[in-house]
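Trainee: My structure is stored as upload_22.tsv, with TSV, C-alpha atoms.
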chain	number	residue	atom	x	y	z
A	487	MET	CA	64.83	-61.00	-132.09
A	488	GLN	CA	63.79	-64.21	-130.38
A	489	THR	CA	64.46	-67.58	-131.96
A	490	ILE	CA	61.66	-69.89	-133.05
A	491	PHE	CA	62.62	-72.07	-130.08
A	492	GLU	CA	62.13	-69.18	-127.65
A	493	ARG	CA	58.77	-68.23	-129.18
A	494	LEU	CA	57.54	-71.81	-129.47
A	495	GLY	CA	58.81	-73.16	-126.16
A	496	GLU	CA	59.88	-76.63	-125.11
A	497	GLN	CA	56.37	-77.80	-124.24
A	498	ASN	CA	55.02	-76.88	-127.68
A	499	ILE	CA	57.93	-78.63	-129.39
A	500	LYS	CA	57.08	-81.78	-127.45
A	501	LEU	CA	53.39	-81.38	-128.34
A	502	LEU	CA	54.27	-80.84	-132.00
A	503	VAL	CA	56.46	-83.96	-132.09
A	504	ASP	CA	53.79	-86.07	-130.37
A	505	GLN	CA	51.04	-84.92	-132.74
A	506	PHE	CA	53.30	-85.22	-135.78
A	507	TYR	CA	54.34	-88.80	-135.09
A	508	ASP	CA	50.78	-89.88	-134.33
A	509	LEU	CA	50.06	-88.78	-137.91
A	510	VAL	CA	53.29	-90.18	-139.42
A	511	PHE	CA	52.91	-93.66	-137.94
A	512	SER	CA	49.41	-93.94	-139.41
A	513	ASP	CA	50.21	-92.37	-142.78
A	514	PRO	CA	50.05	-94.96	-145.61
A	515	GLN	CA	52.68	-93.12	-147.67
A	516	ILE	CA	55.48	-92.75	-145.12
A	517	SER	CA	54.86	-94.99	-142.11
A	518	ARG	CA	57.16	-97.58	-143.75
A	519	LEU	CA	60.09	-95.20	-143.27
A	520	PHE	CA	59.80	-95.29	-139.48
A	521	LYS	CA	60.66	-98.80	-138.38
A	522	THR	CA	62.52	-98.29	-135.11
A	523	ASP	CA	61.26	-97.51	-131.63
A	524	LYS	CA	58.62	-94.78	-131.73
A	525	ALA	CA	59.73	-93.26	-128.42
A	526	LEU	CA	63.34	-93.04	-129.63
A	527	ILE	CA	62.31	-91.49	-132.96
A	528	LYS	CA	60.20	-88.90	-131.14
A	529	GLU	CA	63.00	-88.08	-128.71
A	530	LYS	CA	65.52	-87.63	-131.52
A	531	GLN	CA	63.09	-85.38	-133.40
A	532	ARG	CA	62.40	-83.34	-130.26
A	533	MET	CA	66.14	-82.82	-129.73
A	534	PHE	CA	66.69	-82.02	-133.41
A	535	LEU	CA	63.83	-79.51	-133.63
A	536	THR	CA	64.99	-77.83	-130.42
A	537	GLN	CA	68.37	-77.30	-132.06
A	538	PHE	CA	66.96	-76.53	-135.55
A	539	PHE	CA	64.73	-73.81	-134.10
A	540	GLY	CA	67.60	-72.09	-132.29
A	541	GLY	CA	67.53	-73.75	-128.89
A	542	PRO	CA	70.18	-75.78	-127.09
A	543	GLN	CA	72.26	-78.11	-129.27
A	544	LEU	CA	70.65	-81.21	-127.75
A	545	TYR	CA	70.85	-83.41	-130.84
A	546	SER	CA	74.49	-82.60	-131.56
A	547	GLN	CA	75.49	-83.15	-127.94
A	548	GLN	CA	73.94	-86.63	-127.96
A	549	TYR	CA	74.48	-87.83	-131.55
A	550	GLY	CA	76.98	-85.49	-133.19
A	551	HIS	CA	76.31	-83.26	-136.20
A	552	PRO	CA	72.82	-83.95	-137.58
A	553	GLN	CA	74.08	-84.75	-141.11
A	554	LEU	CA	70.45	-84.99	-142.16
A	555	ARG	CA	70.97	-86.07	-145.74
A	556	ALA	CA	73.55	-88.73	-144.86
A	557	ARG	CA	71.42	-90.11	-142.01
A	558	HIS	CA	68.42	-90.40	-144.33
A	559	LEU	CA	70.24	-91.98	-147.31
A	560	PRO	CA	69.55	-95.59	-146.18
A	561	HIS	CA	65.83	-94.83	-146.50
A	562	PRO	CA	64.37	-94.42	-150.00
A	563	ILE	CA	62.62	-91.05	-149.88
A	564	SER	CA	60.67	-89.74	-152.88
A	565	ASP	CA	59.10	-86.37	-153.59
A	566	ASP	CA	55.75	-87.89	-152.60
A	567	ASP	CA	57.25	-89.05	-149.30
A	568	ALA	CA	58.56	-85.55	-148.57
A	569	VAL	CA	55.16	-84.06	-149.40
A	570	ALA	CA	53.44	-86.59	-147.11
A	571	TRP	CA	55.91	-85.73	-144.34
A	572	LEU	CA	55.15	-82.04	-144.82
A	573	SER	CA	51.42	-82.73	-144.83
A	574	CYS	CA	51.69	-84.50	-141.48
A	575	MET	CA	53.75	-81.62	-140.12
A	576	SER	CA	51.23	-79.07	-141.41
A	577	ARG	CA	48.39	-80.92	-139.70
A	578	ALA	CA	50.37	-81.19	-136.45
A	579	LEU	CA	51.21	-77.49	-136.55
A	580	LYS	CA	47.56	-76.61	-137.11
A	581	ASP	CA	46.65	-77.77	-133.61
A	582	LEU	CA	49.47	-76.00	-131.76
A	583	PRO	CA	48.33	-73.23	-129.40
A	584	VAL	CA	50.55	-70.57	-130.99
A	585	GLU	CA	50.05	-67.69	-133.41
A	586	GLU	CA	49.40	-68.50	-137.07
A	587	ALA	CA	52.38	-66.38	-138.12
A	588	LEU	CA	54.69	-68.59	-136.06
A	589	LYS	CA	53.14	-71.75	-137.52
A	590	ASP	CA	53.72	-70.36	-141.01
A	591	GLU	CA	57.31	-69.45	-140.19
A	592	ILE	CA	57.99	-72.95	-138.86
A	593	PHE	CA	56.45	-74.66	-141.86
A	594	LYS	CA	58.33	-72.48	-144.35
A	595	ARG	CA	61.58	-73.37	-142.57
A	596	LEU	CA	60.82	-77.10	-142.80
A	597	VAL	CA	59.88	-77.25	-146.51
A	598	PRO	CA	63.39	-76.99	-147.98
A	599	THR	CA	64.74	-79.37	-145.33
A	600	ALA	CA	62.12	-82.01	-146.14
A	601	MET	CA	62.71	-81.68	-149.86
A	602	PHE	CA	66.48	-81.97	-149.33
A	603	MET	CA	65.90	-85.48	-147.91
A	604	VAL	CA	64.57	-86.74	-151.28
A	605	ASN	CA	67.03	-89.32	-152.55
A	606	ARG	CA	65.18	-91.21	-155.27
A	607	ASP	CA	62.94	-90.61	-158.27
A	608	GLU	CA	59.39	-91.92	-158.27
A	609	GLY	CA	60.26	-94.31	-161.09
A	610	ASN	CA	63.08	-95.97	-159.13
A	611	GLU	CA	61.13	-97.85	-156.50
Is it possible to give me this structure as structure tokens?
Mentor:
Amino acid sequence: MQTIFERLGEQNIKLLVDQFYDLVFSDPQISRLFKTDKALIKEKQRMFLTQFFGGPQLYSQQYGHPQLRARHLPHPISDDDAVAWLSCMSRALKDLPVEEALKDEIFKRLVPTAMFMVNRDEGNE
């Protein structure tokens, strides 16, 4: 069975990341979480998703183990933030020129990962 990476392809991962971050950087809920260089953020996400979807270990080769939760701890992330992130990803996936079943598979894989990044309650702002 082919990996998500093999079925999606490098070009579609790049397209997904570009569309996703266009949405993220304009989203009133989560844009505050992305304060560094947009090009660098997009490149890191492209490398991470390549690896996450079963492709070459680009992120790990460049930055070491992803350690997602630890890397996100400095940023206060609420349930609402995770839902906003997922909403942006859902909208970015919608426009990809791939089968709906693959879009659904990708999104379902990202939901638990996004929710795992939550590190604060709504009441603790």
Trainee: Using atom CA of Phe538 of chain A and atom CA of Asp504 of chain A as the two end points, give the distance in Å to one decimal.
Mentor: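 Interatomic distance here is 17.1 Å.
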Trainee: Please report the interatomic distance between atom CA of Glu496 of chain A and atom CA of Thr522 of chain A in Å with one decimal.
Mentor: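 Here the two named atoms are 24.0 Å from each other.
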Trainee: I'd like the interatomic distance between atom CA of Ile516 of chain A and atom CA of Ala570 of chain A, to a tenth of an Å.
Mentor: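 Taking atom CA of Ile516 of chain A as the start and atom CA of Ala570 of chain A as the end point, the length is 6.8 Å.
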Trainee: So, counting only C-alpha atoms, which residue among A:Ile563, A:Leu544, A:Leu519, A:Leu494 is closest to Lys589 of chain A?
Mentor: A:Leu494
Trainee: Would you list the residues near (56.5, -95.1, -142.6), meaning any protein, DNA or RNA residue with an atom at most 12 Å from that point in file coordinates, counting only C-alpha atoms, as a VMD selection string?
Mentor: chain A and resid 507 to 522 524 527 561 to 563 567 to 568 570 to 571 574
Trainee: Measuring between all atoms listed in the file, which one of A:Phe602, A:Phe593, A:Phe539, A:Tyr549 shows the shortest distance to Glu492 of chain A?
Mentor: A:Phe539
Trainee: Residues within 8 Å of (60.7, -78.2, -130.2), file coordinates, counting all atoms listed in the file: what are they? Give the list as a count of residues only.
Mentor: 17
Trainee: Using all atoms listed in the file, which residues sit within 9 Å of Glu591 of chain A once same-chain residues fewer than 5 positions away are excluded, as a PDB file with C-alpha atoms, in the frame of the given file?
Mentor:
ATOM      1  CA  ILE A 490      61.660 -69.890-133.050  1.00  0.00           C
ATOM      2  CA  GLU A 586      49.400 -68.500-137.070  1.00  0.00           C
ATOM      3  CA  LEU A 596      60.820 -77.100-142.800  1.00  0.00           C
TER       4      LEU A 596
END
Trainee: Quick one: of A:Val597, A:Leu582, A:Val604, A:Ile592, who's nearest to Asp566 of chain A, counting all atoms listed in the file?
Mentor: A:Val604
Trainee: Would you mind telling me which residue in A:Arg595, A:Lys530, A:Asp565, A:Met575 lies nearest to Gln543 of chain A when using all atoms listed in the file?
Mentor: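 Smallest separation from Gln543 of chain A among the options: A:Lys530.
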Trainee: Counting all atoms listed in the file, figure out which residue out of A:Pro542, A:Gln531, A:Gln548, A:Ser564 gets nearest to Thr489 of chain A.
Mentor: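 Ranking A:Pro542, A:Gln531, A:Gln548, A:Ser564 by distance to Thr489 of chain A, first place goes to A:Pro542.
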